[in-house]
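Trainee: Below you'll find query.txt; it's compact mmCIF, C-alpha atoms and all ligand atoms.
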```
# COMPACT_ATOMS: atom_id res chain seq x y z
CA MET A 1 1.28 -3.29 -0.56
CA GLY A 2 3.49 -4.31 2.33
CA VAL A 3 3.98 -3.80 6.03
CA SER A 4 4.28 -0.41 7.65
CA GLY A 5 7.40 1.54 6.67
CA VAL A 6 8.35 -0.28 3.45
CA GLY A 7 7.80 2.81 1.30
CA LYS A 8 4.26 2.31 -0.04
CA SER A 9 3.28 5.98 0.18
CA THR A 10 6.59 7.28 -1.11
CA VAL A 11 6.62 4.95 -4.12
CA ALA A 12 2.91 5.19 -5.00
CA GLU A 13 2.87 8.98 -4.83
CA GLU A 14 5.87 9.34 -7.10
CA VAL A 15 4.72 6.71 -9.63
CA ALA A 16 1.31 8.41 -9.75
CA ARG A 17 2.98 11.76 -10.38
CA ARG A 18 5.09 10.38 -13.23
CA SER A 19 2.08 8.61 -14.75
CA GLY A 20 -0.27 11.56 -14.48
CA GLY A 21 -2.43 9.32 -12.34
CA ILE A 22 -4.18 9.68 -9.02
CA PHE A 23 -2.52 8.84 -5.71
CA VAL A 24 -4.70 7.45 -2.94
CA GLU A 25 -3.37 7.08 0.61
CA ALA A 26 -5.30 4.24 2.24
CA ASP A 27 -4.32 5.45 5.72
CA ALA A 28 -6.60 8.46 5.14
CA PHE A 29 -9.67 6.18 5.29
CA HIS A 30 -9.15 4.65 8.71
CA PRO A 31 -11.91 5.45 11.19
CA ALA A 32 -10.65 7.40 14.21
CA GLN A 33 -10.84 4.27 16.41
CA ASN A 34 -8.32 2.49 14.18
CA ILE A 35 -5.85 5.36 14.36
CA GLU A 36 -6.33 5.54 18.12
CA ALA A 37 -5.74 1.81 18.47
CA MET A 38 -2.58 1.80 16.37
CA SER A 39 -1.28 4.95 18.09
CA ALA A 40 -1.75 3.13 21.40
CA GLY A 41 0.21 0.13 20.12
CA ILE A 42 -2.82 -2.11 19.46
CA PRO A 43 -2.68 -3.94 16.10
CA LEU A 44 -5.75 -3.90 13.87
CA ASN A 45 -7.80 -7.07 13.52
CA ASP A 46 -10.01 -8.16 10.62
CA ASP A 47 -13.13 -6.45 11.98
CA MET A 48 -11.28 -3.15 12.23
CA ARG A 49 -9.92 -3.50 8.72
CA TRP A 50 -13.16 -4.27 6.82
CA HIS A 51 -14.68 -0.84 7.55
CA TRP A 52 -11.47 0.83 6.49
CA LEU A 53 -11.18 -1.12 3.22
CA GLU A 54 -14.84 -0.47 2.41
CA ALA A 55 -14.34 3.28 2.88
CA LEU A 56 -11.23 3.14 0.69
CA CYS A 57 -13.12 1.37 -2.11
CA LEU A 58 -16.06 3.76 -1.90
CA HIS A 59 -13.63 6.64 -2.37
CA VAL A 60 -11.83 5.04 -5.32
CA ARG A 61 -15.17 4.34 -7.01
CA SER A 62 -16.53 7.83 -6.35
CA GLU A 63 -16.36 10.91 -8.54
CA ASN A 64 -13.90 12.36 -6.03
CA CYS A 65 -11.32 9.99 -7.46
CA GLY A 66 -11.40 11.37 -10.98
CA SER A 67 -13.27 10.39 -14.09
CA GLY A 68 -12.32 6.73 -13.96
CA GLU A 69 -9.99 7.21 -16.92
CA SER A 70 -6.84 8.07 -14.99
CA PRO A 71 -4.87 5.26 -13.38
CA VAL A 72 -5.20 5.11 -9.62
CA PHE A 73 -2.22 4.26 -7.40
CA ILE A 74 -3.19 3.10 -3.93
CA ALA A 75 -0.74 2.92 -1.04
CA CYS A 76 -2.36 0.22 1.08
CA SER A 77 -0.85 -2.43 3.35
CA ALA A 78 -3.31 -5.09 2.03
CA LEU A 79 -1.50 -7.62 4.18
CA LYS A 80 -3.81 -10.62 3.75
CA ARG A 81 -5.06 -12.41 0.69
CA LYS A 82 -8.67 -11.85 1.71
CA TYR A 83 -8.11 -8.07 1.83
CA ARG A 84 -6.66 -8.09 -1.67
CA ASP A 85 -9.58 -10.23 -2.87
CA PHE A 86 -11.94 -7.68 -1.31
CA LEU A 87 -10.20 -4.86 -3.21
CA ARG A 88 -10.31 -6.81 -6.49
CA GLU A 89 -14.01 -7.62 -6.06
CA ARG A 90 -14.83 -3.93 -5.70
CA LEU A 91 -12.22 -2.24 -7.88
CA GLY A 92 -11.37 -4.78 -10.58
CA PRO A 93 -7.98 -6.34 -11.31
CA LEU A 94 -4.99 -4.93 -9.45
CA PHE A 95 -1.37 -4.62 -10.45
CA ILE A 96 0.35 -5.25 -7.14
CA ILE A 97 3.72 -3.80 -6.27
CA HIS A 98 4.83 -5.61 -3.13
CA LEU A 99 7.56 -3.75 -1.24
CA ASP A 100 9.48 -6.13 0.94
CA GLY A 101 12.71 -6.21 2.90
CA ASP A 102 14.63 -7.08 6.03
CA ARG A 103 12.91 -6.47 9.34
CA GLU A 104 15.90 -4.49 10.66
CA LEU A 105 15.90 -2.16 7.68
CA ILE A 106 12.17 -1.52 7.97
CA LEU A 107 12.49 -0.95 11.71
CA ASN A 108 15.26 1.61 11.15
CA ARG A 109 13.10 3.47 8.64
CA LEU A 110 10.10 3.46 10.95
CA GLN A 111 12.22 4.77 13.81
CA ALA A 112 13.59 7.55 11.60
CA ARG A 113 10.17 8.52 10.18
CA LYS A 114 8.68 11.63 11.81
CA GLY A 115 5.08 12.69 12.36
CA HIS A 116 3.34 9.37 11.71
CA PHE A 117 0.85 7.68 14.02
CA MET A 118 2.20 4.17 13.49
CA PRO A 119 4.57 3.06 16.28
CA PRO A 120 7.57 0.96 15.19
CA ALA A 121 6.58 -1.52 17.93
CA LEU A 122 3.72 -2.68 15.69
CA LEU A 123 6.06 -3.88 12.97
CA ASP A 124 6.17 -7.47 14.22
CA SER A 125 2.37 -7.76 14.23
CA GLN A 126 2.36 -6.48 10.65
CA ILE A 127 4.95 -9.06 9.63
CA GLY A 128 2.86 -11.72 11.42
CA ASP A 129 -0.23 -10.77 9.41
CA LEU A 130 1.54 -10.53 6.05
CA GLU A 131 0.50 -13.15 3.50
CA TYR A 132 2.73 -13.10 0.43
CA PRO A 133 0.79 -12.88 -2.84
CA SER A 134 0.90 -16.09 -4.85
CA GLN A 135 1.10 -16.21 -8.64
CA LYS A 136 -2.59 -17.15 -8.68
CA GLU A 137 -3.42 -13.64 -7.55
CA GLY A 138 -2.41 -12.20 -10.91
CA ALA A 139 -0.06 -9.34 -11.67
CA CYS A 140 2.35 -8.87 -8.79
CA VAL A 141 5.96 -7.74 -8.67
CA ARG A 142 8.10 -7.72 -5.53
CA PHE A 143 10.75 -5.08 -4.92
CA ASP A 144 13.56 -5.22 -2.38
CA ILE A 145 13.41 -2.00 -0.39
CA ALA A 146 17.18 -2.01 0.11
CA GLU A 147 17.29 -0.61 -3.44
CA PRO A 148 17.37 3.20 -3.86
CA ILE A 149 13.95 4.76 -4.03
CA ASP A 150 14.56 6.19 -7.52
CA LYS A 151 15.33 2.73 -8.89
CA ILE A 152 12.19 1.21 -7.37
CA VAL A 153 10.05 4.06 -8.69
CA SER A 154 11.54 3.92 -12.21
CA GLU A 155 11.14 0.15 -12.49
CA ALA A 156 7.62 0.20 -11.06
CA PHE A 157 6.68 3.01 -13.42
CA SER A 158 7.95 1.23 -16.54
CA LEU A 159 6.37 -2.09 -15.55
CA ILE A 160 3.01 -0.44 -15.10
CA GLU A 161 3.29 1.58 -18.31
CA ASN A 162 4.46 -1.36 -20.43
CA GLU A 163 2.67 -4.33 -18.97
CA TRP A 164 -0.50 -3.02 -17.50
CA ARG A 165 -1.73 0.36 -18.55
CA GLU A 166 -2.52 -0.37 -22.19
CA LYS A 167 -4.17 -3.71 -21.50
CA PRO A 168 -7.87 -4.12 -20.88
CA ARG A 169 -8.44 -4.23 -17.14
CA HIS A 170 -12.04 -5.31 -16.95
CA SER A 171 -13.18 -8.72 -18.11
N1 LIG A 201 13.88 2.67 -0.93
C1 LIG A 201 14.00 3.53 0.10
N2 LIG A 201 15.21 3.92 0.51
C2 LIG A 201 15.37 4.75 1.56
N3 LIG A 201 14.35 5.25 2.28
C3 LIG A 201 13.09 4.91 1.92
C4 LIG A 201 12.85 4.04 0.81
N4 LIG A 201 11.51 3.86 0.71
C5 LIG A 201 10.96 4.60 1.70
N5 LIG A 201 11.89 5.23 2.41
C6 LIG A 201 11.67 6.06 3.61
O1 LIG A 201 11.14 5.15 4.58
C7 LIG A 201 10.12 5.77 5.33
C8 LIG A 201 8.83 4.96 5.21
O2 LIG A 201 8.29 5.16 3.91
P1 LIG A 201 6.72 5.31 3.71
O3 LIG A 201 6.51 5.66 2.28
O4 LIG A 201 6.14 6.21 4.74
O5 LIG A 201 6.28 3.80 4.01
P2 LIG A 201 4.81 3.16 4.14
O6 LIG A 201 3.86 4.04 3.38
O7 LIG A 201 4.95 1.80 3.56
O8 LIG A 201 4.53 3.10 5.61
C9 LIG A 201 9.99 7.20 4.84
O9 LIG A 201 10.71 8.05 5.71
C10 LIG A 201 10.62 7.15 3.44
O10 LIG A 201 11.21 8.37 3.08
O1 LIG A 202 -3.66 -3.04 7.88
C1 LIG A 202 -3.15 -2.42 8.78
O2 LIG A 202 -2.70 -2.91 9.82
C2 LIG A 202 -3.04 -0.92 8.62
O3 LIG A 202 -3.17 -0.45 7.34
C3 LIG A 202 -1.72 -0.59 9.04
O4 LIG A 202 -0.92 -1.22 8.08
C4 LIG A 202 -1.50 0.90 9.13
O5 LIG A 202 -2.51 1.71 8.69
C5 LIG A 202 -0.36 1.26 8.38
O6 LIG A 202 0.54 0.25 8.19
C6 LIG A 202 0.31 2.42 9.02
O7 LIG A 202 0.60 3.24 8.01
P1 LIG A 202 1.85 2.96 7.04
O8 LIG A 202 1.69 1.58 6.45
O9 LIG A 202 1.72 4.06 6.07
O10 LIG A 202 3.02 3.02 7.94
```
What is this file in structure tokens?
Ligand SMILES: Nc1ncnc2c1ncn2[C@@H]1O[C@H](COP(=O)(O)OP(=O)(O)O)[C@@H](O)[C@H]1O
Ligand SMILES: O=C(O)[C@H](O)[C@@H](O)[C@H](O)[C@H](O)COP(=O)(O)O

Mentor:
Amino acid sequence: MGVSGVGKSTVAEEVARRSGGIFVEADAFHPAQNIEAMSAGIPLNDDMRWHWLEALCLHVRSENCGSGESPVFIACSALKRKYRDFLRERLGPLFIIHLDGDRELILNRLQARKGHFMPPALLDSQIGDLEYPSQKEGACVRFDIAEPIDKIVSEAFSLIENEWREKPRHS
């Protein structure tokens, strides 16, 4: 989780590859209107996000997302507590990796990123919507995105392998 440009897709894809798990890009489940809005510099609101999160969950719970035995790594902004609760209600407990960092650093990365619909001008609305996970939300680790990508991926991978994967996930 985290605002646009913090490295969610990059980290989740690589951790999934190392784990032999399944990578899911939440951006792929936005309805066209959401992509059009963001491309035009209009931030999403709650109403626009519920349809998207529902489509994401339907995919993760479907046969298209594997047998249910492989771990699933979702790159999803999940900015507000109520969105994360929605995901937990439908998917079960989550191990959250929260990628976080300085606004200027994120802005630089968004400006350097090519071929993505999300305009850097929307960063401040994303930061405005972000609700930091509290300890009550369960397993969550925050990484500083100033760290090299390999370090973040290696630490995220070993945390998930050692502290999450072998434990029962459904109560
Ligand atoms: N730790 C990092 N160090 C340097 N560049 C990074 C790091 N994490 C991500 N990036 C780069 O920042 C950009 C945004 O990453 P991306 O994975 O698309 O973010 P998100 O999915 O959160 O929007 C990409 O160009 C990516 O290569
Ligand atoms: O909740 C939201 O506002 C959206 O998810 C929004 O976060 C957007 O889809 C991505 O942030 C853009 O894609 P990246 O996060 O991959 O830049």

Trainee: Edge lengths and centre, in Å to one decimal, as JSON: that's what I need for the box along x, y and z that holds all listed atoms of ligand LIG 201 (chain A) plus 6 Å on each side.

Mentor:
```
{"center_x": 9.6, "center_y": 5.1, "center_z": 2.4, "size_x": 23.5, "size_y": 18.6, "size_z": 18.6}
```

Trainee: Could you give me, as a Markdown table, every chain A residue with an atom at most 7 Å from ligand LIG 202 (chain A), plus its closest atom pair and distance in Å to one decimal, counting only C-alpha atoms and all ligand atoms, rows ordered by chain then number?

Mentor:
```
| residue | atom | partner | partner_atom | distance |
| --- | --- | --- | --- | --- |
| A:Val3 | CA | A:LIG202 | O6 | 5.7 |
| A:Ser4 | CA | A:LIG202 | O8 | 3.5 |
| A:Gly5 | CA | A:LIG202 | O10 | 4.8 |
| A:Lys8 | CA | A:LIG202 | O9 | 6.8 |
| A:Ser9 | CA | A:LIG202 | O9 | 6.4 |
| A:Asp27 | CA | A:LIG202 | O5 | 5.1 |
| A:Pro43 | CA | A:LIG202 | O2 | 6.4 |
| A:Leu44 | CA | A:LIG202 | O2 | 5.2 |
| A:Arg49 | CA | A:LIG202 | O1 | 6.3 |
| A:Cys76 | CA | A:LIG202 | O3 | 6.3 |
| A:Ser77 | CA | A:LIG202 | O4 | 4.9 |
| A:Ala78 | CA | A:LIG202 | O1 | 6.2 |
| A:Leu79 | CA | A:LIG202 | O1 | 6.3 |
| A:Met118 | CA | A:LIG202 | C6 | 5.2 |
| A:Gln126 | CA | A:LIG202 | O2 | 6.2 |
```

Trainee: Write out as a list of chain:residue names each polymer residue whose atoms come within 12 Å of Ser154 of chain A, counting only C-alpha atoms; drop sequence neighbours fewer than 2 positions from it.

Mentor: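 Within the cut-off, the hits are A:Val11, A:Ala12, A:Glu14, A:Val15, A:Ala16, A:Arg17, A:Arg18, A:Ser19, A:Phe143, A:Glu147, A:Pro148, A:Ile149, A:Asp150, A:Lys151, A:Ile152, A:Ala156, A:Phe157, A:Ser158, A:Leu159, A:Ile160, A:Glu161.
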
Trainee: Please determine, counting only C-alpha atoms, which residue among A:Leu122, A:Leu53, A:Ser67, A:Arg142 has the shortest atom-to-atom distance to His30 of chain A.

Mentor: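 Of all the options, A:Leu53 lies closest to His30 of chain A.
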
Trainee: Counting all atoms listed in the file, which residue out of A:Asp129, A:Glu137, A:Glu89, A:Asp100 sits closest to ligand LIG 201 (chain A)?

Mentor: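 Selected residue with least distance to ligand LIG 201 (chain A): A:Asp100.
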
Trainee: Suppose you want the space between atom CA of Leu58 of chain A and atom CA of Arg113 of chain A; what is it in Å?

Mentor: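 Value for the atom CA of Leu58 of chain A-atom CA of Arg113 of chain A distance: 29.3 Å.
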
Trainee: Rounded to one decimal place, report the atom CA of Ser70 of chain A-atom CA of Gly21 of chain A distance in Å.

Mentor: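 Rounded to one decimal, the two atoms are 5.3 Å apart.
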
Trainee: Tell me, in Å to one decimal, how far atom CA of Leu110 of chain A is from atom CA of Ser134 of chain A.

Mentor: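 If I compute the distance from atom CA of Leu110 of chain A to atom CA of Ser134 of chain A, I get 26.8 Å.
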
Trainee: Which of these residues is nearest to ligand LIG 201 (chain A), using all atoms listed in the file: A:Leu91, A:Ala139, A:Ile97, A:Ala55?

Mentor: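 Nearest candidate to ligand LIG 201 (chain A) out of A:Leu91, A:Ala139, A:Ile97, A:Ala55: A:Ile97.
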
Trainee: Using all atoms listed in the file for the distances, tell me which of A:Lys80, A:Ile74, A:Pro31, A:His116 is nearest to Asp46 of chain A.

Mentor: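 Selected residue with least distance to Asp46 of chain A: A:Lys80.
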
Trainee: So that I can check the surroundings of Ala40 of chain A, please list as a ChimeraX atom specification every protein, DNA and RNA residue that reaches within 12 Å of it, counting all atoms listed in the file and ignoring chain neighbours fewer than 6 positions away.

Mentor: /A:33-34,117-122

Trainee: Which is closest to Pro93 of chain A among A:Leu56, A:Cys140, A:Ala28, A:Ile106, if we use only C-alpha atoms?

Mentor: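 So, comparing all the options, the nearest one is A:Cys140.
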
Trainee: Of the residues A:Glu155, A:Asp144, A:Asp85, A:Glu36, which is the one nearest to His98 of chain A, using all atoms listed in the file?

Mentor: A:Asp144
